[in-house]
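Below is input06.cif, holding mmCIF, C-alpha atoms.
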```cif
data_target
#
loop_
_atom_site.label_atom_id
_atom_site.label_comp_id
_atom_site.auth_asym_id
_atom_site.auth_seq_id
_atom_site.Cartn_x
_atom_site.Cartn_y
_atom_site.Cartn_z
CA MET A 204 0.00 0.00 0.00
CA GLU A 205 1.33 3.40 -0.92
CA LYS A 206 1.80 6.23 1.56
CA GLY A 207 -0.71 8.28 -0.42
CA PHE A 208 -3.63 6.41 1.15
CA LEU A 209 -2.99 8.26 4.39
CA ASN A 210 -3.72 11.54 2.64
CA ASP A 211 -7.10 10.13 1.61
CA TRP A 212 -7.77 9.06 5.19
CA ILE A 213 -6.87 12.55 6.43
CA LYS A 214 -9.42 14.07 4.06
CA GLU A 215 -12.13 11.52 4.89
CA ALA A 216 -11.67 11.97 8.63
CA GLY A 217 -11.86 15.73 8.29
CA ILE A 218 -8.44 16.16 9.85
CA THR A 219 -7.06 19.67 9.67
CA GLY A 220 -4.00 21.45 10.97
CA PRO A 221 -0.42 20.30 11.17
CA MET A 222 0.46 16.71 12.04
CA GLY A 223 1.81 16.47 15.57
CA SER A 224 0.17 19.68 16.75
CA HIS A 225 -0.44 18.11 20.20
CA LYS A 226 2.67 15.96 20.37
CA ASN A 227 4.37 15.36 23.72
CA SER A 228 0.98 15.54 25.44
CA VAL A 229 -0.94 12.97 27.46
CA TRP A 230 -4.16 11.93 25.72
CA TYR A 231 -7.08 9.63 26.35
CA ASN A 232 -7.46 6.93 23.71
CA LYS A 233 -11.20 6.25 23.78
CA GLU A 234 -11.04 3.21 21.48
CA GLY A 235 -8.58 1.51 23.80
CA ASP A 236 -9.75 3.07 27.09
CA CYS A 237 -6.22 4.10 27.90
CA LEU A 238 -4.02 7.09 28.55
CA GLN A 239 -1.04 7.47 26.24
CA PHE A 240 2.02 9.64 26.29
CA GLN A 241 5.20 9.99 24.26
CA SER A 242 7.82 12.55 25.23
CA GLU A 243 9.64 12.04 21.94
CA GLN A 244 8.22 11.38 18.50
CA VAL A 245 9.96 8.22 17.48
CA ALA A 246 8.73 4.70 16.73
CA VAL A 247 8.03 2.81 19.92
CA ILE A 248 8.66 -0.67 21.26
CA GLY A 249 6.07 -1.68 23.83
CA ASP A 250 7.31 -3.29 27.04
CA ARG A 251 4.31 -4.72 28.91
CA ILE A 252 4.86 -4.27 32.64
CA ASP A 253 1.57 -5.52 34.06
CA GLU A 254 -2.12 -5.60 33.13
CA PHE A 255 -2.32 -1.80 33.35
CA LEU A 256 1.00 -0.40 32.23
CA THR A 257 2.97 -0.72 29.01
CA VAL A 258 6.16 1.28 28.80
CA TYR A 259 7.10 2.86 25.49
CA LEU A 260 10.77 2.48 24.60
CA SER A 261 12.42 4.43 21.82
CA ALA A 262 13.09 2.15 18.85
CA GLU A 263 16.29 4.12 18.30
CA ASN A 264 17.97 3.69 21.67
CA LYS A 265 15.49 1.90 23.98
CA ASP A 266 15.19 4.87 26.32
CA ILE A 267 11.86 5.12 28.16
CA ILE A 268 9.91 7.79 26.33
CA GLY A 269 6.34 7.24 27.45
CA PHE A 270 3.61 4.85 28.41
CA GLN A 271 0.17 3.43 27.82
CA LEU A 272 -2.05 3.07 30.90
CA LYS A 273 -4.92 0.68 30.18
CA ASP A 274 -8.33 0.10 31.75
CA VAL A 275 -8.82 3.67 32.91
CA LYS A 276 -12.57 3.18 33.38
CA ALA A 277 -12.00 0.05 35.44
CA LEU A 278 -9.53 1.90 37.65
CA VAL A 279 -12.06 4.64 38.24
CA GLN A 280 -14.85 2.15 38.93
CA LYS A 281 -12.67 0.31 41.44
CA TYR A 282 -11.28 3.29 43.31
CA GLY A 283 -13.79 6.05 42.61
CA LEU A 284 -13.14 9.59 41.56
CA PRO A 285 -11.82 11.12 44.82
CA GLY A 286 -8.09 11.69 44.53
CA ILE A 287 -8.21 11.37 40.75
CA VAL A 288 -10.38 14.35 39.88
CA VAL A 289 -8.64 17.61 40.65
CA ASP A 290 -11.27 19.99 39.31
CA ALA A 291 -14.82 19.13 38.27
CA SER A 292 -15.88 22.68 37.65
CA VAL A 293 -14.43 23.26 34.18
CA LYS A 294 -17.49 21.93 32.35
CA LYS A 295 -20.38 19.84 33.51
CA ASP A 296 -19.50 17.00 31.14
CA GLN A 297 -15.76 17.19 31.59
CA LEU A 298 -13.45 16.45 34.50
CA SER A 299 -9.87 17.42 35.14
CA ILE A 300 -8.05 14.33 36.26
CA SER A 301 -4.57 13.72 37.59
CA VAL A 302 -2.42 11.48 35.44
CA PHE A 303 -0.13 10.79 38.40
CA ALA A 304 -3.09 9.75 40.57
CA LEU A 305 -4.27 7.29 37.94
CA LEU A 306 -0.76 5.84 37.62
CA LEU A 307 -0.63 5.44 41.40
CA ARG A 308 -4.01 3.70 41.42
CA ALA A 309 -2.70 1.23 38.85
CA PHE A 310 0.52 0.83 40.81
CA GLY A 311 -1.41 -0.02 43.97
CA ALA A 312 -3.86 -2.38 42.30
CA THR A 313 -1.58 -5.41 42.48
CA SER A 314 1.62 -6.35 44.26
CA LYS A 315 4.71 -5.43 42.30
CA THR A 316 8.14 -6.84 41.57
CA ILE A 317 11.15 -4.54 41.76
CA LYS A 318 11.22 -4.34 37.95
CA GLU A 319 7.57 -3.28 37.93
CA GLU A 320 8.14 -0.70 40.69
CA MET A 321 11.00 0.79 38.72
CA ALA A 322 8.91 0.92 35.56
CA TYR A 323 6.18 2.94 37.27
CA SER A 324 8.75 5.23 38.82
CA ASN A 325 10.47 5.80 35.48
CA VAL A 326 7.21 6.42 33.67
CA ILE A 327 6.11 9.04 36.19
CA ARG A 328 9.40 10.83 35.59
CA THR A 329 8.72 11.06 31.85
CA VAL A 330 5.53 13.10 32.35
CA PRO A 331 6.18 16.86 32.59
CA LYS A 332 4.30 18.63 35.39
CA GLU A 333 2.32 20.68 32.87
CA GLN A 334 1.05 17.42 31.37
CA SER A 335 -0.07 15.95 34.69
CA ILE A 336 -3.69 17.07 34.37
CA ILE A 337 -5.91 16.15 31.45
CA GLN A 338 -9.53 16.86 30.55
CA TYR A 339 -11.52 13.66 30.45
CA SER A 340 -15.13 13.68 29.34
CA GLU A 341 -15.55 9.87 29.34
CA LEU A 342 -15.26 9.72 33.12
CA ALA A 343 -17.92 12.32 33.65
CA MET A 344 -20.37 10.22 31.65
CA ALA A 345 -19.43 6.90 33.30
CA MET B 109 -21.51 3.98 12.83
CA ALA B 110 -20.10 5.38 9.63
CA ASN B 111 -17.49 7.70 11.07
CA ALA B 112 -14.67 5.36 10.35
CA ARG B 113 -12.35 4.32 7.57
CA ILE B 114 -13.01 0.64 7.01
CA ILE B 115 -10.74 -1.87 5.39
CA THR B 116 -11.97 -5.35 4.57
CA ILE B 117 -9.59 -8.25 5.03
CA LYS B 118 -9.89 -11.99 4.78
CA PHE B 119 -9.78 -13.18 8.39
CA PRO B 120 -7.37 -16.12 8.28
CA PRO B 121 -8.93 -18.22 11.08
CA THR B 122 -12.30 -18.39 9.29
CA GLY B 123 -11.54 -17.43 5.70
CA GLN B 124 -14.41 -14.93 5.90
CA ASP B 125 -14.16 -11.22 5.12
CA ILE B 126 -14.20 -8.92 8.14
CA ASP B 127 -14.32 -5.14 8.36
CA ILE B 128 -11.61 -3.48 10.41
CA ARG B 129 -12.40 0.02 11.60
CA PHE B 130 -10.20 3.09 11.95
CA GLU B 131 -12.45 5.55 13.78
CA HIS B 132 -12.19 9.09 12.48
CA ASP B 133 -11.89 10.57 15.98
CA TRP B 134 -9.11 8.13 16.78
CA LEU B 135 -7.32 8.93 13.51
CA ASN B 136 -7.62 12.60 14.35
CA ASP B 137 -6.11 12.09 17.80
CA LEU B 138 -3.30 9.93 16.48
CA TYR B 139 -2.49 12.54 13.83
CA LYS B 140 -2.23 15.26 16.46
CA TYR B 141 -0.64 13.41 19.38
CA GLU B 142 1.49 10.63 17.90
CA PRO B 143 2.56 11.57 14.36
CA VAL B 144 5.08 8.76 13.90
CA LYS B 145 2.46 6.22 14.93
CA PHE B 146 0.04 7.87 12.51
CA GLN B 147 2.51 7.38 9.67
CA ASN B 148 2.96 3.80 10.78
CA LEU B 149 -0.68 3.14 9.89
CA LEU B 150 0.97 2.15 6.63
CA THR B 151 2.81 -0.57 8.52
CA ALA B 152 -0.28 -1.54 10.50
CA VAL B 153 -2.35 -2.09 7.36
CA GLU B 154 0.42 -4.27 5.92
CA VAL B 155 0.35 -6.40 9.09
CA LEU B 156 -3.45 -6.65 9.10
CA LYS B 157 -3.39 -7.89 5.52
CA ASN B 158 -0.48 -10.26 6.00
CA PRO B 159 -0.22 -11.39 9.62
CA THR B 160 1.97 -14.19 10.91
CA ARG B 161 0.09 -14.68 14.19
CA ILE B 162 -3.33 -13.65 15.52
CA TYR B 163 -4.22 -13.68 19.20
CA VAL B 164 -7.58 -13.30 20.89
CA GLY B 165 -8.33 -11.96 24.35
CA LEU B 166 -6.41 -8.89 25.43
CA LYS B 167 -7.06 -9.62 29.12
CA ARG B 168 -8.66 -6.28 29.83
CA ILE B 169 -10.75 -5.86 32.97
CA LEU B 170 -13.97 -4.66 31.35
CA SER B 171 -13.66 -6.73 28.19
CA ASN B 172 -11.65 -9.84 27.50
CA ASN B 173 -12.35 -9.70 23.81
CA GLY B 174 -10.24 -7.94 21.23
CA LEU B 175 -7.59 -9.16 18.84
CA CYS B 176 -3.90 -8.69 18.28
CA PHE B 177 -2.52 -9.08 14.75
CA VAL B 178 1.22 -9.71 14.57
CA GLY B 179 3.51 -9.46 11.60
CA LYS B 180 6.87 -8.51 10.19
CA PRO B 181 6.43 -5.59 7.80
CA LYS B 182 9.05 -4.60 5.28
CA LYS B 183 9.39 -0.99 6.39
CA TRP B 184 8.33 1.34 9.19
CA TYR B 185 8.66 4.96 10.14
CA ILE B 186 11.29 5.35 12.83
CA ARG B 187 10.73 9.13 12.87
CA GLU B 188 8.47 11.49 10.96
CA ASP B 189 9.07 10.97 7.23
CA LYS B 190 12.00 8.64 7.94
CA LEU B 191 11.12 5.23 6.50
CA VAL B 192 13.58 2.44 7.28
CA ASP B 193 13.75 -1.35 7.12
CA PHE B 194 11.87 -3.05 9.93
CA PRO B 195 14.29 -5.04 12.15
CA LYS B 196 12.64 -8.41 11.59
CA ASP B 197 15.20 -10.38 13.58
CA LYS B 198 14.51 -8.49 16.80
CA LEU B 199 10.96 -7.17 16.63
CA VAL B 200 7.45 -7.96 15.52
CA TYR B 201 4.82 -5.35 14.78
CA THR B 202 1.58 -5.62 16.75
CA VAL B 203 -1.81 -4.12 15.91
CA PHE B 204 -4.51 -4.17 18.59
CA LEU B 205 -8.25 -4.22 17.90
CA ASN B 206 -11.05 -3.78 20.44
CA ASP B 207 -14.19 -5.91 20.51
CA ARG B 208 -15.71 -3.87 17.65
CA TYR B 209 -12.67 -4.63 15.46
CA SER B 210 -11.64 -1.01 15.81
CA VAL B 211 -7.88 -0.46 15.80
CA PHE B 212 -6.68 1.29 18.95
CA GLU B 213 -2.93 0.67 19.13
CA LEU B 214 0.04 -0.15 16.93
CA ARG B 215 3.60 -0.64 18.06
CA ALA B 216 6.60 -2.92 17.88
CA THR B 217 7.34 -5.59 20.45
CA GLU B 218 10.41 -7.71 21.05
CA VAL B 219 10.21 -11.22 19.62
CA ASP B 220 9.57 -14.23 21.78
CA PHE B 221 12.68 -16.30 22.44
CA PHE B 222 10.98 -19.58 21.52
CA ASP B 223 8.89 -18.25 18.62
CA PRO B 224 10.44 -15.30 16.78
CA GLU B 225 7.21 -14.72 14.85
CA SER B 226 5.42 -13.92 18.12
CA PRO B 227 5.70 -11.09 20.64
CA ILE B 228 7.55 -11.79 23.85
CA ASP B 229 5.51 -13.45 26.62
CA TRP B 230 2.56 -13.92 24.28
CA ALA B 231 1.15 -16.82 26.28
CA GLU B 232 0.75 -14.61 29.36
CA ARG B 233 -0.49 -11.56 27.50
CA PHE B 234 -3.30 -13.02 25.45
CA GLY B 235 -6.21 -15.37 25.88
CA GLY B 236 -4.92 -17.61 23.14
CA GLU B 237 -3.40 -17.94 19.71
CA ILE B 238 -6.14 -18.44 17.15
CA TRP B 239 -4.07 -18.54 14.01
CA LYS B 240 -0.48 -18.88 12.83
CA LYS B 241 0.91 -18.59 9.36
CA ASP B 242 2.34 -21.66 7.70
CA PHE B 243 5.67 -20.85 6.14
#
```
Show me the file's structure as structure tokens.
Amino acid sequence: MEKGFLNDWIKEAGITGPMGSHKNSVWYNKEGDCLQFQSEQVAVIGDRIDEFLTVYLSAENKDIIGFQLKDVKALVQKYGLPGIVVDASVKKDQLSISVFALLLRAFGATSKTIKEEMAYSNVIRTVPKEQSIIQYSELAMA
Amino acid sequence: MANARIITIKFPPTGQDIDIRFEHDWLNDLYKYEPVKFQNLLTAVEVLKNPTRIYVGLKRILSNNGLCFVGKPKKWYIREDKLVDFPKDKLVYTVFLNDRYSVFELRATEVDFFDPESPIDWAERFGGEIWKKDF
């Protein structure tokens, strides 16, 4: 398949603006019910740590450059919103949630090996403070 | 639900055609947040059309359905607009579908020591292998 098909997809999906306009930001992947983050735009190798966390390694040098945190809705159902929501007043259908709090909920959900503890610690270090809060409408509707 | 790009593939385990969805909202997010991954949709489609392994059951808490297509593409984008050979000896490319056959993730994974056509620790990660390519 030629690269040109992506241009057709961009048109069909109504995508506008420059590619990568929100890069290096945490985002909620609704189709996968997961938070994702890459601090560097490079191809990634996934390193599955546990049922919640997959670490993204740079395919160039295997540095940790991000993560995928799965089962966000399940984490919220299990532990509730207190401690995760930092501001519910932005919009009625949208909550501001703490990425660090969600990572800590996942960390505490099961007992961890040293390797797993280190993975969570390293992932938290990849997230810049200004990226630690995201708007999440799915939670408000759950 | 028409807001998706759909590709039809022959599903190897059954021989029947299935529609695989790329939701427009998801494509939009990928384009904005993860541009290299967006360009690697090229790689993902190659893997979906020519997999070497297919696994079922992604062991998620709220849904244990979903599929993972695995393959060894010829090329992939290592950075934006930088297309290189895929390191087939060390990695496989994995494409994850939710229970609606909607793609939600694509990335490389290290190969399994005992089966270099499979991702590492595949037996623990998935519900089961439902198809493997005969070479």
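Take the PyMOL selection byres ((chain B and resi 111) around 12) and apply it to this file: it picks Trp212, Glu215, Ala216 and Gly217 of chain A; Met109, Ala110, Ala112, Arg113, Ile114, Arg129, Phe130, Glu131, His132, Asp133, Trp134, Leu135, Asn136 and Ser210 of chain B.
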Please write the residues from the selection above to a file, keeping C-alpha atoms, as a CSV table (one decimal), in the coordinates of the input.
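Listing of again_0.csv after writing:
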```csv
chain,number,residue,atom,x,y,z
A,212,TRP,CA,-7.8,9.1,5.2
A,215,GLU,CA,-12.1,11.5,4.9
A,216,ALA,CA,-11.7,12.0,8.6
A,217,GLY,CA,-11.9,15.7,8.3
B,109,MET,CA,-21.5,4.0,12.8
B,110,ALA,CA,-20.1,5.4,9.6
B,112,ALA,CA,-14.7,5.4,10.4
B,113,ARG,CA,-12.4,4.3,7.6
B,114,ILE,CA,-13.0,0.6,7.0
B,129,ARG,CA,-12.4,0.0,11.6
B,130,PHE,CA,-10.2,3.1,12.0
B,131,GLU,CA,-12.4,5.6,13.8
B,132,HIS,CA,-12.2,9.1,12.5
B,133,ASP,CA,-11.9,10.6,16.0
B,134,TRP,CA,-9.1,8.1,16.8
B,135,LEU,CA,-7.3,8.9,13.5
B,136,ASN,CA,-7.6,12.6,14.4
B,210,SER,CA,-11.6,-1.0,15.8
```
Proximity to chain B - best of A:Leu278, A:Cys237, A:Ala309, A:Val247, only C-alpha atoms: A:Val247
Non-local contacts of Phe255 (chain A) (10 Å; only C-alpha atoms; under 5 positions in same chain excluded) as number ranges by chain: A: 237, 271-275, 278, 306, 308-310, 312-313; B: 168-169
Contact residues (chain A, partner chain B, 10 Å, all atoms listed in the file) as a PyMOL selection string: chain A and resi 204-209+211-213+215-237+239-251+253-255+259-263+271+273-278
File dump, residues just selected, C-alpha atoms, as a JSON list (two decimals), in the coordinates of the input:
```
[["chain", "number", "residue", "atom", "x", "y", "z"],
["A", 204, "MET", "CA", 0.00, 0.00, 0.00],
["A", 205, "GLU", "CA", 1.33, 3.40, -0.92],
["A", 206, "LYS", "CA", 1.80, 6.23, 1.56],
["A", 207, "GLY", "CA", -0.71, 8.28, -0.42],
["A", 208, "PHE", "CA", -3.63, 6.41, 1.15],
["A", 209, "LEU", "CA", -2.99, 8.26, 4.39],
["A", 211, "ASP", "CA", -7.10, 10.13, 1.61],
["A", 212, "TRP", "CA", -7.77, 9.06, 5.19],
["A", 213, "ILE", "CA", -6.87, 12.55, 6.43],
["A", 215, "GLU", "CA", -12.13, 11.52, 4.89],
["A", 216, "ALA", "CA", -11.67, 11.97, 8.63],
["A", 217, "GLY", "CA", -11.86, 15.73, 8.29],
["A", 218, "ILE", "CA", -8.44, 16.16, 9.85],
["A", 219, "THR", "CA", -7.06, 19.67, 9.67],
["A", 220, "GLY", "CA", -4.00, 21.45, 10.97],
["A", 221, "PRO", "CA", -0.42, 20.30, 11.17],
["A", 222, "MET", "CA", 0.46, 16.71, 12.04],
["A", 223, "GLY", "CA", 1.81, 16.47, 15.57],
["A", 224, "SER", "CA", 0.17, 19.68, 16.75],
["A", 225, "HIS", "CA", -0.44, 18.11, 20.20],
["A", 226, "LYS", "CA", 2.67, 15.96, 20.37],
["A", 227, "ASN", "CA", 4.37, 15.36, 23.72],
["A", 228, "SER", "CA", 0.98, 15.54, 25.44],
["A", 229, "VAL", "CA", -0.94, 12.97, 27.46],
["A", 230, "TRP", "CA", -4.16, 11.93, 25.72],
["A", 231, "TYR", "CA", -7.08, 9.63, 26.35],
["A", 232, "ASN", "CA", -7.46, 6.93, 23.71],
["A", 233, "LYS", "CA", -11.20, 6.25, 23.78],
["A", 234, "GLU", "CA", -11.04, 3.21, 21.48],
["A", 235, "GLY", "CA", -8.58, 1.51, 23.80],
["A", 236, "ASP", "CA", -9.75, 3.07, 27.09],
["A", 237, "CYS", "CA", -6.22, 4.10, 27.90],
["A", 239, "GLN", "CA", -1.04, 7.47, 26.24],
["A", 240, "PHE", "CA", 2.02, 9.64, 26.29],
["A", 241, "GLN", "CA", 5.20, 9.99, 24.26],
["A", 242, "SER", "CA", 7.82, 12.55, 25.23],
["A", 243, "GLU", "CA", 9.64, 12.04, 21.94],
["A", 244, "GLN", "CA", 8.22, 11.38, 18.50],
["A", 245, "VAL", "CA", 9.96, 8.22, 17.48],
["A", 246, "ALA", "CA", 8.73, 4.70, 16.73],
["A", 247, "VAL", "CA", 8.03, 2.81, 19.92],
["A", 248, "ILE", "CA", 8.66, -0.67, 21.26],
["A", 249, "GLY", "CA", 6.07, -1.68, 23.83],
["A", 250, "ASP", "CA", 7.31, -3.29, 27.04],
["A", 251, "ARG", "CA", 4.31, -4.72, 28.91],
["A", 253, "ASP", "CA", 1.57, -5.52, 34.06],
["A", 254, "GLU", "CA", -2.12, -5.60, 33.13],
["A", 255, "PHE", "CA", -2.32, -1.80, 33.35],
["A", 259, "TYR", "CA", 7.10, 2.86, 25.49],
["A", 260, "LEU", "CA", 10.77, 2.48, 24.60],
["A", 261, "SER", "CA", 12.42, 4.43, 21.82],
["A", 262, "ALA", "CA", 13.09, 2.15, 18.85],
["A", 263, "GLU", "CA", 16.29, 4.12, 18.30],
["A", 271, "GLN", "CA", 0.17, 3.43, 27.82],
["A", 273, "LYS", "CA", -4.92, 0.68, 30.18],
["A", 274, "ASP", "CA", -8.33, 0.10, 31.75],
["A", 275, "VAL", "CA", -8.82, 3.67, 32.91],
["A", 276, "LYS", "CA", -12.57, 3.18, 33.38],
["A", 277, "ALA", "CA", -12.00, 0.05, 35.44],
["A", 278, "LEU", "CA", -9.53, 1.90, 37.65]]
```
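Closest approach to Glu232 (chain B) among B:Ile128, B:Val178, B:Leu156, B:Val164 is made by B:Val164 (distances from only C-alpha atoms).
Checking B:Val203, B:Leu191, B:Ile238, B:Trp230 one by one against Cys176 (chain B), counting only C-alpha atoms, you find the shortest gap at B:Val203.
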Close residues, Phe243 (chain B) itself excluded, 12 Å, all atoms listed in the file, min 4 positions apart in chain, as number ranges by chain: B: 159-161, 225
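When only C-alpha atoms are used to measure the gap to Ile300 (chain A), the shortest distance among A:Val288, A:Val330, A:Leu238, A:Gly283 belongs to A:Val288.
One finds CA of Leu298 (chain A) at 5.3 Å from CA of Tyr339 (chain A).
When CA of Gly236 (chain B) is paired with CA of Tyr323 (chain A), their separation reads 27.3 Å.
The space between CA of Asp242 (chain B) and CA of Pro121 (chain B) spans 12.3 Å.
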Selection: 10 Å around Ala322 (chain A), all atoms listed in the file, excl. self and same-chain fewer than 2 positions, as number ranges by chain: A: 250-253, 256-258, 267, 270, 310, 316-320, 324-328
Export region 280-343 of chain A, C-alpha atoms, as an mmCIF file, in the first residue's frame; it's the structure right above.
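See out_3.cif below for the written result:
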```
data_model
loop_
_atom_site.group_PDB
_atom_site.id
_atom_site.type_symbol
_atom_site.label_atom_id
_atom_site.label_comp_id
_atom_site.auth_asym_id
_atom_site.auth_seq_id
_atom_site.Cartn_x
_atom_site.Cartn_y
_atom_site.Cartn_z
ATOM 1 C CA GLN A 280 -14.849 2.150 38.927
ATOM 2 C CA LYS A 281 -12.665 0.314 41.436
ATOM 3 C CA TYR A 282 -11.281 3.290 43.308
ATOM 4 C CA GLY A 283 -13.795 6.047 42.607
ATOM 5 C CA LEU A 284 -13.140 9.595 41.564
ATOM 6 C CA PRO A 285 -11.817 11.118 44.823
ATOM 7 C CA GLY A 286 -8.092 11.690 44.529
ATOM 8 C CA ILE A 287 -8.210 11.373 40.745
ATOM 9 C CA VAL A 288 -10.379 14.355 39.879
ATOM 10 C CA VAL A 289 -8.641 17.612 40.651
ATOM 11 C CA ASP A 290 -11.272 19.993 39.310
ATOM 12 C CA ALA A 291 -14.823 19.125 38.274
ATOM 13 C CA SER A 292 -15.879 22.682 37.651
ATOM 14 C CA VAL A 293 -14.431 23.263 34.175
ATOM 15 C CA LYS A 294 -17.486 21.934 32.350
ATOM 16 C CA LYS A 295 -20.378 19.844 33.508
ATOM 17 C CA ASP A 296 -19.500 17.000 31.144
ATOM 18 C CA GLN A 297 -15.758 17.193 31.590
ATOM 19 C CA LEU A 298 -13.450 16.450 34.501
ATOM 20 C CA SER A 299 -9.874 17.418 35.144
ATOM 21 C CA ILE A 300 -8.047 14.331 36.264
ATOM 22 C CA SER A 301 -4.575 13.719 37.592
ATOM 23 C CA VAL A 302 -2.419 11.476 35.441
ATOM 24 C CA PHE A 303 -0.135 10.788 38.402
ATOM 25 C CA ALA A 304 -3.089 9.746 40.574
ATOM 26 C CA LEU A 305 -4.267 7.286 37.940
ATOM 27 C CA LEU A 306 -0.764 5.841 37.624
ATOM 28 C CA LEU A 307 -0.626 5.444 41.402
ATOM 29 C CA ARG A 308 -4.009 3.695 41.419
ATOM 30 C CA ALA A 309 -2.697 1.231 38.846
ATOM 31 C CA PHE A 310 0.520 0.827 40.808
ATOM 32 C CA GLY A 311 -1.411 -0.022 43.965
ATOM 33 C CA ALA A 312 -3.859 -2.384 42.298
ATOM 34 C CA THR A 313 -1.583 -5.415 42.479
ATOM 35 C CA SER A 314 1.617 -6.349 44.256
ATOM 36 C CA LYS A 315 4.713 -5.427 42.302
ATOM 37 C CA THR A 316 8.139 -6.837 41.573
ATOM 38 C CA ILE A 317 11.147 -4.538 41.760
ATOM 39 C CA LYS A 318 11.219 -4.336 37.953
ATOM 40 C CA GLU A 319 7.567 -3.278 37.926
ATOM 41 C CA GLU A 320 8.139 -0.701 40.690
ATOM 42 C CA MET A 321 11.005 0.787 38.721
ATOM 43 C CA ALA A 322 8.908 0.919 35.562
ATOM 44 C CA TYR A 323 6.175 2.936 37.271
ATOM 45 C CA SER A 324 8.752 5.225 38.823
ATOM 46 C CA ASN A 325 10.471 5.804 35.479
ATOM 47 C CA VAL A 326 7.205 6.418 33.671
ATOM 48 C CA ILE A 327 6.106 9.039 36.187
ATOM 49 C CA ARG A 328 9.401 10.834 35.594
ATOM 50 C CA THR A 329 8.724 11.062 31.853
ATOM 51 C CA VAL A 330 5.534 13.102 32.348
ATOM 52 C CA PRO A 331 6.176 16.855 32.589
ATOM 53 C CA LYS A 332 4.297 18.628 35.387
ATOM 54 C CA GLU A 333 2.325 20.675 32.872
ATOM 55 C CA GLN A 334 1.048 17.416 31.370
ATOM 56 C CA SER A 335 -0.069 15.952 34.690
ATOM 57 C CA ILE A 336 -3.692 17.073 34.374
ATOM 58 C CA ILE A 337 -5.911 16.148 31.445
ATOM 59 C CA GLN A 338 -9.533 16.862 30.553
ATOM 60 C CA TYR A 339 -11.525 13.664 30.450
ATOM 61 C CA SER A 340 -15.133 13.680 29.336
ATOM 62 C CA GLU A 341 -15.553 9.871 29.339
ATOM 63 C CA LEU A 342 -15.262 9.717 33.120
ATOM 64 C CA ALA A 343 -17.924 12.323 33.648
#
```
